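S.K.: Quick one: this structure, given as structure tokens, is what I'll be asking you about.
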Amino acid sequence: MKPKHLKKLLLSEIKAVSEKLNEYCVSSGKDFTRKRKITFETVIKTLIGMESKSLTNELITAFDMNSEMPSTSAFVQQRYKIKPEAFKAVFDGFSLQLINNIKTDFRILAVDGSDVQIATNPDDQTSYHQGTNGQRPYNLLHLNALYDLKNHIYTDAIIQGKLNTNEHSALQEMVDNSKIPKALVIADRGYESFNNMSHIQEKGWFFLIRVKDGINGIKGGLDLPETDSFDVDISLKLTRKKTNAVKKLFKDKNHYRSISSTQPFDYLPLKNKKSDPVIFYELKFRIVRFPISEDSYETIITNLDSKRYTPSELKKLYAARWGIETSFRDLKYTIGLLDFH
């Protein structure tokens with residue numbers, strides 16, 4: 001899509017959000033109701049277009065030094081009247097327009113997170129880090145993102161304070177809220193989780209997640225071949241119930257597993273009475289181990305079809321995940337995400 005068309009889409013989304021003032025202003029029914037030089041729409045458009053210059057110089061560029069240019073203090077006052085949710089709404093609407101313009105029935109998405117340092121603010125206890133060893137205090141945000149590897153689009157993003165970071169809940173929220181009908185989610189080891197897999201399965205999507213290759217984690221609890229490479233189908237029934245009859249089932253490691261009350265899992269009740277019937281949640285996947293060099297191997301779990309996606313194809317797909325890493329680098333240093341106003 002040409003930059004001119006992209007700009008038109010973005011401006012139309014900013015306008016759509018600006019028509020919902022009561023929803024996105026701090027003081028509903030009051031903010032931006034008087035006729036001023038700096039409208040709600042102008043503030044958002046100007047902020048999105050800002051780069052690494054001082055606020056004064058950014059305003060000079062945005063308003064081309066004409067008589068409508070506000071002072072920096074006037075602009076800041078107007079900025080404080082807008083809720084952060086307004087910018088998320090612009091992002092969501094703009095991304096959805098891009099998604100709807102892509103003619104494909106299957107998207108390949110990578111999920112990952114990246115830290116971003118912002119201006120020091122001791123009052124934000126979710127992101128404030130007290131400096132140690134002579135280091136000054138600082139604030140960090142954690143950006144969680146779903147990234148379309150083929151079309152180079154962030155389809156969703158969730159920002160958390162670094163001290164409140166939960167990449168699992170962020171992934172689950174992005175999957176549950178997505179308007180994309182069919183997709184594959186590729187993730188690194190940090191996303192190894194039955195709950196993540198189940199959210200993706202319930203969405204009707206596919207997952208390809210690198211898991212720990214040792215005795216810990218999902219792989220460690222399964223009966224698997226003792227060969228270096230393998231591709232095994234698993235149909236695992238998960239339950240929180242631990243009656244004597246159920247405990248006997250757990251001996252069949254490839255078909256039954258217990259989920260503890262401390263382990264997050266959204267598709268089983270957290271507490272059970274003795275009289276309650278046993279509830280199982282079935283999770284179907286393959287566990288595949290393949291070589292990546294002469295003496296090292298990777299293990300992945302996926303629900304992709306084994307006939308269409310051989311181990312060599314899965315290896316290529318997982319390697320493509322690196323695209324989200326380079327996208328974060330471009331986002332921070334080329335586009336200028338690190339320049340906060």
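Each chain of the structure tokens is named A, B, ... in the order shown, its residues numbered from 1; ligands are numbered from 1 in display order.
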Quick one: everything within 12 Å of A:Glu19, counting only C-alpha atoms, minus sequence neighbours fewer than 6 positions away in the same chain. Send it as a list in words.

M.R.: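 Using only C-alpha atoms, the neighbours found are Ser12, Glu13, Cys25, Phe32, Thr33, Thr39, Phe40, Glu41, Ala86 and Val90 of chain A.
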
S.K.: Using C-alpha atoms, can you export the residues from the last selection as an mmCIF file, in the first residue's frame?

M.R.:
```cif
data_model
loop_
_atom_site.group_PDB
_atom_site.id
_atom_site.type_symbol
_atom_site.label_atom_id
_atom_site.label_comp_id
_atom_site.auth_asym_id
_atom_site.auth_seq_id
_atom_site.Cartn_x
_atom_site.Cartn_y
_atom_site.Cartn_z
ATOM 1 C CA SER A 12 -9.825 8.896 8.524
ATOM 2 C CA GLU A 13 -9.360 6.829 11.691
ATOM 3 C CA CYS A 25 -11.770 13.031 26.957
ATOM 4 C CA PHE A 32 -12.689 20.347 23.484
ATOM 5 C CA THR A 33 -16.256 21.717 23.450
ATOM 6 C CA THR A 39 -8.751 20.618 18.262
ATOM 7 C CA PHE A 40 -8.874 17.050 19.565
ATOM 8 C CA GLU A 41 -8.124 15.810 16.050
ATOM 9 C CA ALA A 86 -7.935 7.405 22.311
ATOM 10 C CA VAL A 90 -6.706 4.970 16.552
#
```

S.K.: Taking the DSSP secondary structure from the backbone, can you list the residues of stretch 94-306 of chain A that are helix (DSSP H, G or I), as number ranges by chain?

M.R.: A: 94-100, 162-164, 167-177, 189-191, 194-203, 217-220, 244-249

S.K.: Give me the residues near stretch 224-241 of chain A as a PDB file with N, CA, C and O atoms, in the first residue's frame, where near means some atom within 10 Å (using only C-alpha atoms) and where sequence neighbours in that chain fewer than 4 positions away do not count.

M.R.:
```
ATOM      1  N   PHE A 194       0.114 -24.277  28.634  1.00  0.00           N
ATOM      2  CA  PHE A 194      -1.124 -24.923  28.214  1.00  0.00           C
ATOM      3  C   PHE A 194      -2.230 -23.890  28.018  1.00  0.00           C
ATOM      4  O   PHE A 194      -3.077 -24.024  27.135  1.00  0.00           O
ATOM      5  N   LYS A 219       7.408 -30.810  27.649  1.00  0.00           N
ATOM      6  CA  LYS A 219       8.095 -31.977  27.094  1.00  0.00           C
ATOM      7  C   LYS A 219       8.454 -32.989  28.182  1.00  0.00           C
ATOM      8  O   LYS A 219       8.346 -34.206  27.993  1.00  0.00           O
ATOM      9  N   GLY A 220       8.870 -32.500  29.332  1.00  0.00           N
ATOM     10  CA  GLY A 220       9.341 -33.372  30.400  1.00  0.00           C
ATOM     11  C   GLY A 220       8.284 -34.293  30.964  1.00  0.00           C
ATOM     12  O   GLY A 220       8.602 -35.327  31.545  1.00  0.00           O
ATOM     13  N   ALA A 245      -9.435 -42.391  41.117  1.00  0.00           N
ATOM     14  CA  ALA A 245      -9.640 -42.926  39.772  1.00  0.00           C
ATOM     15  C   ALA A 245      -8.915 -42.079  38.725  1.00  0.00           C
ATOM     16  O   ALA A 245      -8.321 -42.614  37.783  1.00  0.00           O
ATOM     17  N   VAL A 246      -8.951 -40.757  38.940  1.00  0.00           N
ATOM     18  CA  VAL A 246      -8.291 -39.849  37.990  1.00  0.00           C
ATOM     19  C   VAL A 246      -6.774 -39.987  38.096  1.00  0.00           C
ATOM     20  O   VAL A 246      -6.065 -39.960  37.079  1.00  0.00           O
ATOM     21  N   LYS A 247      -6.272 -40.157  39.299  1.00  0.00           N
ATOM     22  CA  LYS A 247      -4.821 -40.295  39.491  1.00  0.00           C
ATOM     23  C   LYS A 247      -4.275 -41.507  38.732  1.00  0.00           C
ATOM     24  O   LYS A 247      -3.141 -41.479  38.258  1.00  0.00           O
ATOM     25  N   LEU A 249      -5.348 -42.468  35.894  1.00  0.00           N
ATOM     26  CA  LEU A 249      -5.284 -42.066  34.486  1.00  0.00           C
ATOM     27  C   LEU A 249      -3.985 -41.326  34.164  1.00  0.00           C
ATOM     28  O   LEU A 249      -3.481 -41.393  33.045  1.00  0.00           O
ATOM     29  N   PHE A 250      -3.455 -40.622  35.171  1.00  0.00           N
ATOM     30  CA  PHE A 250      -2.249 -39.814  34.940  1.00  0.00           C
ATOM     31  C   PHE A 250      -1.027 -40.659  34.576  1.00  0.00           C
ATOM     32  O   PHE A 250      -0.013 -40.134  34.106  1.00  0.00           O
ATOM     33  N   ASP A 252      -0.936 -42.616  32.179  1.00  0.00           N
ATOM     34  CA  ASP A 252      -0.886 -42.518  30.716  1.00  0.00           C
ATOM     35  C   ASP A 252      -0.490 -41.068  30.387  1.00  0.00           C
ATOM     36  O   ASP A 252      -1.345 -40.213  30.145  1.00  0.00           O
ATOM     37  N   LYS A 253       0.796 -40.809  30.383  1.00  0.00           N
ATOM     38  CA  LYS A 253       1.303 -39.439  30.331  1.00  0.00           C
ATOM     39  C   LYS A 253       0.978 -38.683  29.041  1.00  0.00           C
ATOM     40  O   LYS A 253       0.980 -37.461  29.025  1.00  0.00           O
ATOM     41  N   ASN A 254       0.751 -39.407  27.970  1.00  0.00           N
ATOM     42  CA  ASN A 254       0.475 -38.749  26.690  1.00  0.00           C
ATOM     43  C   ASN A 254      -1.014 -38.459  26.470  1.00  0.00           C
ATOM     44  O   ASN A 254      -1.388 -37.924  25.433  1.00  0.00           O
ATOM     45  N   HIS A 255      -1.840 -38.833  27.462  1.00  0.00           N
ATOM     46  CA  HIS A 255      -3.280 -38.617  27.299  1.00  0.00           C
ATOM     47  C   HIS A 255      -3.936 -37.912  28.487  1.00  0.00           C
ATOM     48  O   HIS A 255      -5.031 -37.358  28.328  1.00  0.00           O
ATOM     49  N   TYR A 256      -3.301 -37.913  29.646  1.00  0.00           N
ATOM     50  CA  TYR A 256      -3.900 -37.285  30.823  1.00  0.00           C
ATOM     51  C   TYR A 256      -2.836 -36.518  31.607  1.00  0.00           C
ATOM     52  O   TYR A 256      -1.708 -36.976  31.753  1.00  0.00           O
ATOM     53  N   ARG A 257      -3.237 -35.337  32.103  1.00  0.00           N
ATOM     54  CA  ARG A 257      -2.320 -34.574  32.946  1.00  0.00           C
ATOM     55  C   ARG A 257      -3.109 -33.713  33.926  1.00  0.00           C
ATOM     56  O   ARG A 257      -4.174 -33.191  33.613  1.00  0.00           O
ATOM     57  N   SER A 258      -2.525 -33.553  35.093  1.00  0.00           N
ATOM     58  CA  SER A 258      -3.140 -32.726  36.140  1.00  0.00           C
ATOM     59  C   SER A 258      -2.703 -31.269  35.999  1.00  0.00           C
ATOM     60  O   SER A 258      -1.544 -30.981  35.694  1.00  0.00           O
ATOM     61  N   ILE A 259      -3.652 -30.369  36.223  1.00  0.00           N
ATOM     62  CA  ILE A 259      -3.372 -28.935  36.270  1.00  0.00           C
ATOM     63  C   ILE A 259      -3.582 -28.476  37.703  1.00  0.00           C
ATOM     64  O   ILE A 259      -4.687 -28.603  38.245  1.00  0.00           O
ATOM     65  N   SER A 260      -2.557 -27.953  38.335  1.00  0.00           N
ATOM     66  CA  SER A 260      -2.664 -27.557  39.745  1.00  0.00           C
ATOM     67  C   SER A 260      -3.518 -26.298  39.894  1.00  0.00           C
ATOM     68  O   SER A 260      -3.725 -25.549  38.934  1.00  0.00           O
ATOM     69  N   SER A 261      -3.985 -26.055  41.102  1.00  0.00           N
ATOM     70  CA  SER A 261      -4.828 -24.888  41.374  1.00  0.00           C
ATOM     71  C   SER A 261      -4.042 -23.585  41.258  1.00  0.00           C
ATOM     72  O   SER A 261      -4.622 -22.512  41.109  1.00  0.00           O
ATOM     73  N   GLN A 263      -1.797 -23.084  38.849  1.00  0.00           N
ATOM     74  CA  GLN A 263      -1.432 -22.919  37.448  1.00  0.00           C
ATOM     75  C   GLN A 263      -2.593 -22.269  36.688  1.00  0.00           C
ATOM     76  O   GLN A 263      -3.701 -22.809  36.663  1.00  0.00           O
ATOM     77  N   PHE A 265      -5.252 -21.548  34.150  1.00  0.00           N
ATOM     78  CA  PHE A 265      -5.856 -22.263  33.030  1.00  0.00           C
ATOM     79  C   PHE A 265      -7.332 -21.874  32.996  1.00  0.00           C
ATOM     80  O   PHE A 265      -8.089 -22.200  33.917  1.00  0.00           O
ATOM     81  N   TYR A 267      -9.908 -22.677  31.130  1.00  0.00           N
ATOM     82  CA  TYR A 267     -10.969 -23.536  30.604  1.00  0.00           C
ATOM     83  C   TYR A 267     -11.319 -24.695  31.535  1.00  0.00           C
ATOM     84  O   TYR A 267     -11.977 -25.646  31.130  1.00  0.00           O
ATOM     85  N   LEU A 268     -10.871 -24.585  32.784  1.00  0.00           N
ATOM     86  CA  LEU A 268     -11.259 -25.535  33.821  1.00  0.00           C
ATOM     87  C   LEU A 268     -11.603 -24.756  35.084  1.00  0.00           C
ATOM     88  O   LEU A 268     -10.954 -23.744  35.383  1.00  0.00           O
ATOM     89  N   PRO A 269     -12.618 -25.191  35.840  1.00  0.00           N
ATOM     90  CA  PRO A 269     -12.932 -24.493  37.100  1.00  0.00           C
ATOM     91  C   PRO A 269     -11.763 -24.573  38.062  1.00  0.00           C
ATOM     92  O   PRO A 269     -11.077 -25.594  38.148  1.00  0.00           O
ATOM     93  N   LEU A 270     -11.542 -23.471  38.781  1.00  0.00           N
ATOM     94  CA  LEU A 270     -10.395 -23.411  39.688  1.00  0.00           C
ATOM     95  C   LEU A 270     -10.578 -24.324  40.890  1.00  0.00           C
ATOM     96  O   LEU A 270      -9.629 -24.936  41.380  1.00  0.00           O
ATOM     97  N   LYS A 271     -11.822 -24.427  41.378  1.00  0.00           N
ATOM     98  CA  LYS A 271     -12.085 -25.243  42.557  1.00  0.00           C
ATOM     99  C   LYS A 271     -13.138 -26.294  42.232  1.00  0.00           C
ATOM    100  O   LYS A 271     -14.059 -26.059  41.447  1.00  0.00           O
ATOM    101  N   ASN A 272     -12.984 -27.458  42.839  1.00  0.00           N
ATOM    102  CA  ASN A 272     -13.930 -28.563  42.637  1.00  0.00           C
ATOM    103  C   ASN A 272     -14.346 -29.143  43.982  1.00  0.00           C
ATOM    104  O   ASN A 272     -13.517 -29.313  44.879  1.00  0.00           O
ATOM    105  N   LYS A 273     -15.644 -29.444  44.084  1.00  0.00           N
ATOM    106  CA  LYS A 273     -16.124 -30.194  45.235  1.00  0.00           C
ATOM    107  C   LYS A 273     -15.973 -31.684  44.949  1.00  0.00           C
ATOM    108  O   LYS A 273     -15.900 -32.095  43.794  1.00  0.00           O
ATOM    109  N   LYS A 274     -15.931 -32.478  46.003  1.00  0.00           N
ATOM    110  CA  LYS A 274     -15.778 -33.920  45.816  1.00  0.00           C
ATOM    111  C   LYS A 274     -16.921 -34.507  45.002  1.00  0.00           C
ATOM    112  O   LYS A 274     -16.735 -35.452  44.241  1.00  0.00           O
ATOM    113  N   ASP A 276     -18.524 -32.996  42.612  1.00  0.00           N
ATOM    114  CA  ASP A 276     -18.550 -32.500  41.231  1.00  0.00           C
ATOM    115  C   ASP A 276     -18.002 -33.551  40.271  1.00  0.00           C
ATOM    116  O   ASP A 276     -17.053 -34.274  40.598  1.00  0.00           O
ATOM    117  N   PRO A 277     -18.588 -33.643  39.072  1.00  0.00           N
ATOM    118  CA  PRO A 277     -18.061 -34.600  38.091  1.00  0.00           C
ATOM    119  C   PRO A 277     -16.682 -34.151  37.592  1.00  0.00           C
ATOM    120  O   PRO A 277     -16.322 -32.984  37.666  1.00  0.00           O
ATOM    121  N   VAL A 278     -15.937 -35.112  37.099  1.00  0.00           N
ATOM    122  CA  VAL A 278     -14.610 -34.804  36.557  1.00  0.00           C
ATOM    123  C   VAL A 278     -14.771 -34.071  35.228  1.00  0.00           C
ATOM    124  O   VAL A 278     -15.524 -34.502  34.356  1.00  0.00           O
ATOM    125  N   ILE A 279     -14.089 -32.949  35.103  1.00  0.00           N
ATOM    126  CA  ILE A 279     -14.123 -32.171  33.863  1.00  0.00           C
ATOM    127  C   ILE A 279     -12.744 -32.220  33.217  1.00  0.00           C
ATOM    128  O   ILE A 279     -11.726 -31.947  33.867  1.00  0.00           O
ATOM    129  N   PHE A 280     -12.722 -32.572  31.950  1.00  0.00           N
ATOM    130  CA  PHE A 280     -11.474 -32.605  31.193  1.00  0.00           C
ATOM    131  C   PHE A 280     -11.501 -31.542  30.103  1.00  0.00           C
ATOM    132  O   PHE A 280     -12.561 -31.221  29.558  1.00  0.00           O
ATOM    133  N   TYR A 281     -10.332 -31.004  29.810  1.00  0.00           N
ATOM    134  CA  TYR A 281     -10.170 -30.148  28.631  1.00  0.00           C
ATOM    135  C   TYR A 281      -9.148 -30.826  27.726  1.00  0.00           C
ATOM    136  O   TYR A 281      -8.023 -31.105  28.153  1.00  0.00           O
ATOM    137  N   GLU A 282      -9.537 -31.087  26.469  1.00  0.00           N
ATOM    138  CA  GLU A 282      -8.652 -31.806  25.559  1.00  0.00           C
ATOM    139  C   GLU A 282      -7.857 -30.832  24.694  1.00  0.00           C
ATOM    140  O   GLU A 282      -8.414 -29.945  24.047  1.00  0.00           O
ATOM    141  N   LEU A 283      -6.561 -31.033  24.700  1.00  0.00           N
ATOM    142  CA  LEU A 283      -5.640 -30.200  23.923  1.00  0.00           C
ATOM    143  C   LEU A 283      -4.872 -31.113  22.967  1.00  0.00           C
ATOM    144  O   LEU A 283      -4.187 -32.040  23.392  1.00  0.00           O
ATOM    145  N   LYS A 284      -4.997 -30.845  21.669  1.00  0.00           N
ATOM    146  CA  LYS A 284      -4.344 -31.684  20.664  1.00  0.00           C
ATOM    147  C   LYS A 284      -3.167 -30.934  20.033  1.00  0.00           C
ATOM    148  O   LYS A 284      -3.312 -29.781  19.630  1.00  0.00           O
ATOM    149  N   PHE A 285      -2.034 -31.609  19.967  1.00  0.00           N
ATOM    150  CA  PHE A 285      -0.853 -30.984  19.382  1.00  0.00           C
ATOM    151  C   PHE A 285       0.173 -32.052  18.996  1.00  0.00           C
ATOM    152  O   PHE A 285       0.033 -33.228  19.359  1.00  0.00           O
ATOM    153  N   ARG A 286       1.170 -31.622  18.259  1.00  0.00           N
ATOM    154  CA  ARG A 286       2.344 -32.456  17.955  1.00  0.00           C
ATOM    155  C   ARG A 286       3.519 -31.894  18.739  1.00  0.00           C
ATOM    156  O   ARG A 286       3.618 -30.684  18.944  1.00  0.00           O
ATOM    157  N   ILE A 287       4.407 -32.788  19.159  1.00  0.00           N
ATOM    158  CA  ILE A 287       5.671 -32.340  19.728  1.00  0.00           C
ATOM    159  C   ILE A 287       6.774 -32.853  18.801  1.00  0.00           C
ATOM    160  O   ILE A 287       6.864 -34.054  18.521  1.00  0.00           O
ATOM    161  N   VAL A 288       7.550 -31.920  18.283  1.00  0.00           N
ATOM    162  CA  VAL A 288       8.508 -32.227  17.220  1.00  0.00           C
ATOM    163  C   VAL A 288       9.898 -31.771  17.654  1.00  0.00           C
ATOM    164  O   VAL A 288      10.072 -30.644  18.116  1.00  0.00           O
ATOM    165  N   ARG A 289      10.871 -32.651  17.486  1.00  0.00           N
ATOM    166  CA  ARG A 289      12.265 -32.317  17.783  1.00  0.00           C
ATOM    167  C   ARG A 289      13.090 -32.526  16.517  1.00  0.00           C
ATOM    168  O   ARG A 289      13.009 -33.557  15.870  1.00  0.00           O
ATOM    169  N   PHE A 290      13.867 -31.498  16.162  1.00  0.00           N
ATOM    170  CA  PHE A 290      14.644 -31.562  14.919  1.00  0.00           C
ATOM    171  C   PHE A 290      16.018 -30.927  15.126  1.00  0.00           C
ATOM    172  O   PHE A 290      16.201 -30.080  16.030  1.00  0.00           O
ATOM    173  N   PRO A 291      16.989 -31.285  14.322  1.00  0.00           N
ATOM    174  CA  PRO A 291      18.340 -30.713  14.478  1.00  0.00           C
ATOM    175  C   PRO A 291      18.422 -29.303  13.886  1.00  0.00           C
ATOM    176  O   PRO A 291      17.788 -28.998  12.867  1.00  0.00           O
ATOM    177  N   ASP A 295      25.159 -30.855  16.363  1.00  0.00           N
ATOM    178  CA  ASP A 295      25.059 -31.400  17.719  1.00  0.00           C
ATOM    179  C   ASP A 295      24.027 -30.673  18.597  1.00  0.00           C
ATOM    180  O   ASP A 295      24.062 -30.767  19.820  1.00  0.00           O
ATOM    181  N   SER A 296      23.104 -29.922  17.994  1.00  0.00           N
ATOM    182  CA  SER A 296      22.081 -29.253  18.797  1.00  0.00           C
ATOM    183  C   SER A 296      20.703 -29.408  18.156  1.00  0.00           C
ATOM    184  O   SER A 296      20.587 -29.549  16.935  1.00  0.00           O
ATOM    185  N   TYR A 297      19.668 -29.383  19.022  1.00  0.00           N
ATOM    186  CA  TYR A 297      18.299 -29.651  18.579  1.00  0.00           C
ATOM    187  C   TYR A 297      17.345 -28.631  19.198  1.00  0.00           C
ATOM    188  O   TYR A 297      17.629 -28.024  20.227  1.00  0.00           O
ATOM    189  N   GLU A 298      16.211 -28.464  18.524  1.00  0.00           N
ATOM    190  CA  GLU A 298      15.130 -27.641  19.056  1.00  0.00           C
ATOM    191  C   GLU A 298      13.884 -28.512  19.172  1.00  0.00           C
ATOM    192  O   GLU A 298      13.678 -29.437  18.384  1.00  0.00           O
ATOM    193  N   THR A 299      13.044 -28.197  20.167  1.00  0.00           N
ATOM    194  CA  THR A 299      11.764 -28.875  20.318  1.00  0.00           C
ATOM    195  C   THR A 299      10.654 -27.849  20.220  1.00  0.00           C
ATOM    196  O   THR A 299      10.707 -26.799  20.872  1.00  0.00           O
ATOM    197  N   ILE A 300       9.662 -28.156  19.398  1.00  0.00           N
ATOM    198  CA  ILE A 300       8.520 -27.243  19.265  1.00  0.00           C
ATOM    199  C   ILE A 300       7.222 -28.034  19.470  1.00  0.00           C
ATOM    200  O   ILE A 300       7.189 -29.262  19.311  1.00  0.00           O
ATOM    201  N   ILE A 301       6.169 -27.313  19.853  1.00  0.00           N
ATOM    202  CA  ILE A 301       4.828 -27.900  19.910  1.00  0.00           C
ATOM    203  C   ILE A 301       3.962 -27.124  18.920  1.00  0.00           C
ATOM    204  O   ILE A 301       4.070 -25.905  18.799  1.00  0.00           O
ATOM    205  N   THR A 302       3.113 -27.849  18.205  1.00  0.00           N
ATOM    206  CA  THR A 302       2.278 -27.211  17.198  1.00  0.00           C
ATOM    207  C   THR A 302       1.025 -28.037  16.960  1.00  0.00           C
ATOM    208  O   THR A 302       1.023 -29.252  17.193  1.00  0.00           O
ATOM    209  N   ASN A 303      -0.029 -27.391  16.503  1.00  0.00           N
ATOM    210  CA  ASN A 303      -1.233 -28.109  16.082  1.00  0.00           C
ATOM    211  C   ASN A 303      -1.418 -28.034  14.570  1.00  0.00           C
ATOM    212  O   ASN A 303      -2.509 -28.270  14.057  1.00  0.00           O
ATOM    213  N   SER A 306       0.387 -32.556  10.212  1.00  0.00           N
ATOM    214  CA  SER A 306       1.685 -33.204   9.993  1.00  0.00           C
ATOM    215  C   SER A 306       1.945 -33.530   8.520  1.00  0.00           C
ATOM    216  O   SER A 306       3.097 -33.589   8.085  1.00  0.00           O
ATOM    217  N   THR A 310       5.793 -30.636   7.498  1.00  0.00           N
ATOM    218  CA  THR A 310       6.821 -31.583   7.929  1.00  0.00           C
ATOM    219  C   THR A 310       7.773 -30.881   8.898  1.00  0.00           C
ATOM    220  O   THR A 310       7.781 -29.634   8.989  1.00  0.00           O
ATOM    221  N   PRO A 311       8.614 -31.631   9.612  1.00  0.00           N
ATOM    222  CA  PRO A 311       9.593 -30.995  10.501  1.00  0.00           C
ATOM    223  C   PRO A 311      10.462 -29.953   9.803  1.00  0.00           C
ATOM    224  O   PRO A 311      10.783 -28.913  10.393  1.00  0.00           O
TER     225      PRO A 311
END
```

S.K.: Quote the spacing between atom CA of A:Val17 and atom CA of A:Ile102 in Å to one decimal place.

M.R.: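 Separation of atom CA of A:Val17 and atom CA of A:Ile102: 23.0 Å.
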
S.K.: Among stretch 266-324 of chain A, which ones does DSSP place in strand (DSSP E or B), written as a list in words?

M.R.: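 Taking stretch 266-324 of chain A and keeping strand (DSSP E or B) gives Tyr281, Glu282, Leu283, Lys284, Phe285, Arg286, Ile287, Val288, Arg289, Phe290, Pro291, Tyr297, Glu298, Thr299, Ile300, Ile301 and Thr302 of chain A.
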
S.K.: Name the residues in contact with A:Phe87 at a cut-off of 9 Å, using only C-alpha atoms, excluding same-chain residues fewer than 3 positions from it; report them as a tab-separated table (two decimals) with C-alpha atoms, in the first residue's frame.

M.R.:
```
chain	number	residue	atom	x	y	z
A	14	ILE	CA	-8.23	9.87	13.70
A	17	VAL	CA	-12.11	8.69	17.01
A	44	ILE	CA	-3.68	13.42	18.06
A	48	ILE	CA	1.54	10.73	16.05
A	82	ILE	CA	-7.09	13.19	26.08
A	83	LYS	CA	-7.24	9.70	27.56
A	84	PRO	CA	-4.59	7.15	26.46
A	90	VAL	CA	-6.71	4.97	16.55
A	91	PHE	CA	-4.19	2.12	16.41
A	92	ASP	CA	-6.86	-0.58	16.53
```

S.K.: Using only C-alpha atoms, pick whichever of A:Ser73, A:Asn121, A:Ser275, A:Ser28 has the shortest atom-to-atom distance to A:Leu59.

M.R.: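 So, comparing all the options, the nearest one is A:Ser73.
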
S.K.: I'd like the neighbourhood of A:Thr120 as a PDB file with all heavy atoms, in the first residue's frame, where a residue qualifies if any of its atoms comes within 8 Å (using only C-alpha atoms), though same-chain residues fewer than 6 positions away should be ignored.

M.R.:
```pdb
ATOM      1  N   TYR A 128       8.511   2.032  37.632  1.00  0.00           N
ATOM      2  CA  TYR A 128       9.657   2.740  38.223  1.00  0.00           C
ATOM      3  C   TYR A 128      10.669   1.772  38.831  1.00  0.00           C
ATOM      4  O   TYR A 128      10.327   0.909  39.636  1.00  0.00           O
ATOM      5  CB  TYR A 128       9.161   3.711  39.293  1.00  0.00           C
ATOM      6  CG  TYR A 128      10.250   4.515  39.956  1.00  0.00           C
ATOM      7  CD1 TYR A 128      10.907   5.527  39.269  1.00  0.00           C
ATOM      8  CD2 TYR A 128      10.614   4.274  41.286  1.00  0.00           C
ATOM      9  CE1 TYR A 128      11.893   6.285  39.876  1.00  0.00           C
ATOM     10  CE2 TYR A 128      11.599   5.023  41.901  1.00  0.00           C
ATOM     11  CZ  TYR A 128      12.244   6.020  41.188  1.00  0.00           C
ATOM     12  OH  TYR A 128      13.225   6.762  41.791  1.00  0.00           O
ATOM     13  N   PRO A 137      17.646   6.300  38.850  1.00  0.00           N
ATOM     14  CA  PRO A 137      16.340   5.644  38.695  1.00  0.00           C
ATOM     15  C   PRO A 137      15.823   5.808  37.268  1.00  0.00           C
ATOM     16  O   PRO A 137      16.179   6.756  36.568  1.00  0.00           O
ATOM     17  CB  PRO A 137      15.453   6.390  39.695  1.00  0.00           C
ATOM     18  CG  PRO A 137      16.399   7.001  40.673  1.00  0.00           C
ATOM     19  CD  PRO A 137      17.629   7.340  39.893  1.00  0.00           C
ATOM     20  N   TYR A 138      14.970   4.892  36.864  1.00  0.00           N
ATOM     21  CA  TYR A 138      14.430   4.949  35.507  1.00  0.00           C
ATOM     22  C   TYR A 138      13.083   4.232  35.467  1.00  0.00           C
ATOM     23  O   TYR A 138      12.724   3.488  36.386  1.00  0.00           O
ATOM     24  CB  TYR A 138      15.394   4.296  34.511  1.00  0.00           C
ATOM     25  CG  TYR A 138      15.718   2.849  34.814  1.00  0.00           C
ATOM     26  CD1 TYR A 138      15.021   1.810  34.197  1.00  0.00           C
ATOM     27  CD2 TYR A 138      16.724   2.518  35.726  1.00  0.00           C
ATOM     28  CE1 TYR A 138      15.312   0.490  34.487  1.00  0.00           C
ATOM     29  CE2 TYR A 138      17.021   1.200  36.019  1.00  0.00           C
ATOM     30  CZ  TYR A 138      16.313   0.189  35.399  1.00  0.00           C
ATOM     31  OH  TYR A 138      16.599  -1.117  35.691  1.00  0.00           O
ATOM     32  N   ASN A 139      12.329   4.455  34.405  1.00  0.00           N
ATOM     33  CA  ASN A 139      11.040   3.794  34.196  1.00  0.00           C
ATOM     34  C   ASN A 139      11.085   2.977  32.911  1.00  0.00           C
ATOM     35  O   ASN A 139      11.627   3.439  31.911  1.00  0.00           O
ATOM     36  CB  ASN A 139       9.904   4.810  34.098  1.00  0.00           C
ATOM     37  CG  ASN A 139       9.554   5.434  35.434  1.00  0.00           C
ATOM     38  OD1 ASN A 139      10.365   6.167  36.013  1.00  0.00           O
ATOM     39  ND2 ASN A 139       8.366   5.167  35.927  1.00  0.00           N
TER      40      ASN A 139
END
```

S.K.: Would you mind listing what lies within 7 Å of stretch 105-112 of chain A as a list in words, with only C-alpha atoms counted and same-chain residues fewer than 6 positions away left out?

M.R.: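 Skipping anything fewer than 6 positions along the chain leaves Asn144, Ala145, Leu146, Tyr147, Asp148, Leu149, Lys150, Lys182, Ala183, Leu184, Val185, Ile186, Ala187, Arg321 and Ile324 of chain A.
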
S.K.: Using only C-alpha atoms, which of the listed residues (A:Asn195, A:Ala89, A:Phe75, A:Leu208) sits closest to A:Ala157?

M.R.: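 The answer is A:Ala89, which sits nearest to A:Ala157.
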
S.K.: Under the rule that only C-alpha atoms are counted, which of A:Met174, A:Leu9, A:Ile180, A:Val116 is the nearest residue to A:Gly336?

M.R.: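 Smallest distance to A:Gly336 is found for A:Val116.
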
S.K.: Tell me, in Å to one decimal, how far atom CA of A:Lys162 is from atom CA of A:Gln125.

M.R.: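 About the pair atom CA of A:Lys162 and atom CA of A:Gln125: they are 9.6 Å apart.
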
S.K.: Distance atom CA of A:Arg210-atom CA of A:Asp188, one decimal place?

M.R.: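 Atom CA of A:Asp188 lies at a distance of 5.1 Å from atom CA of A:Arg210.
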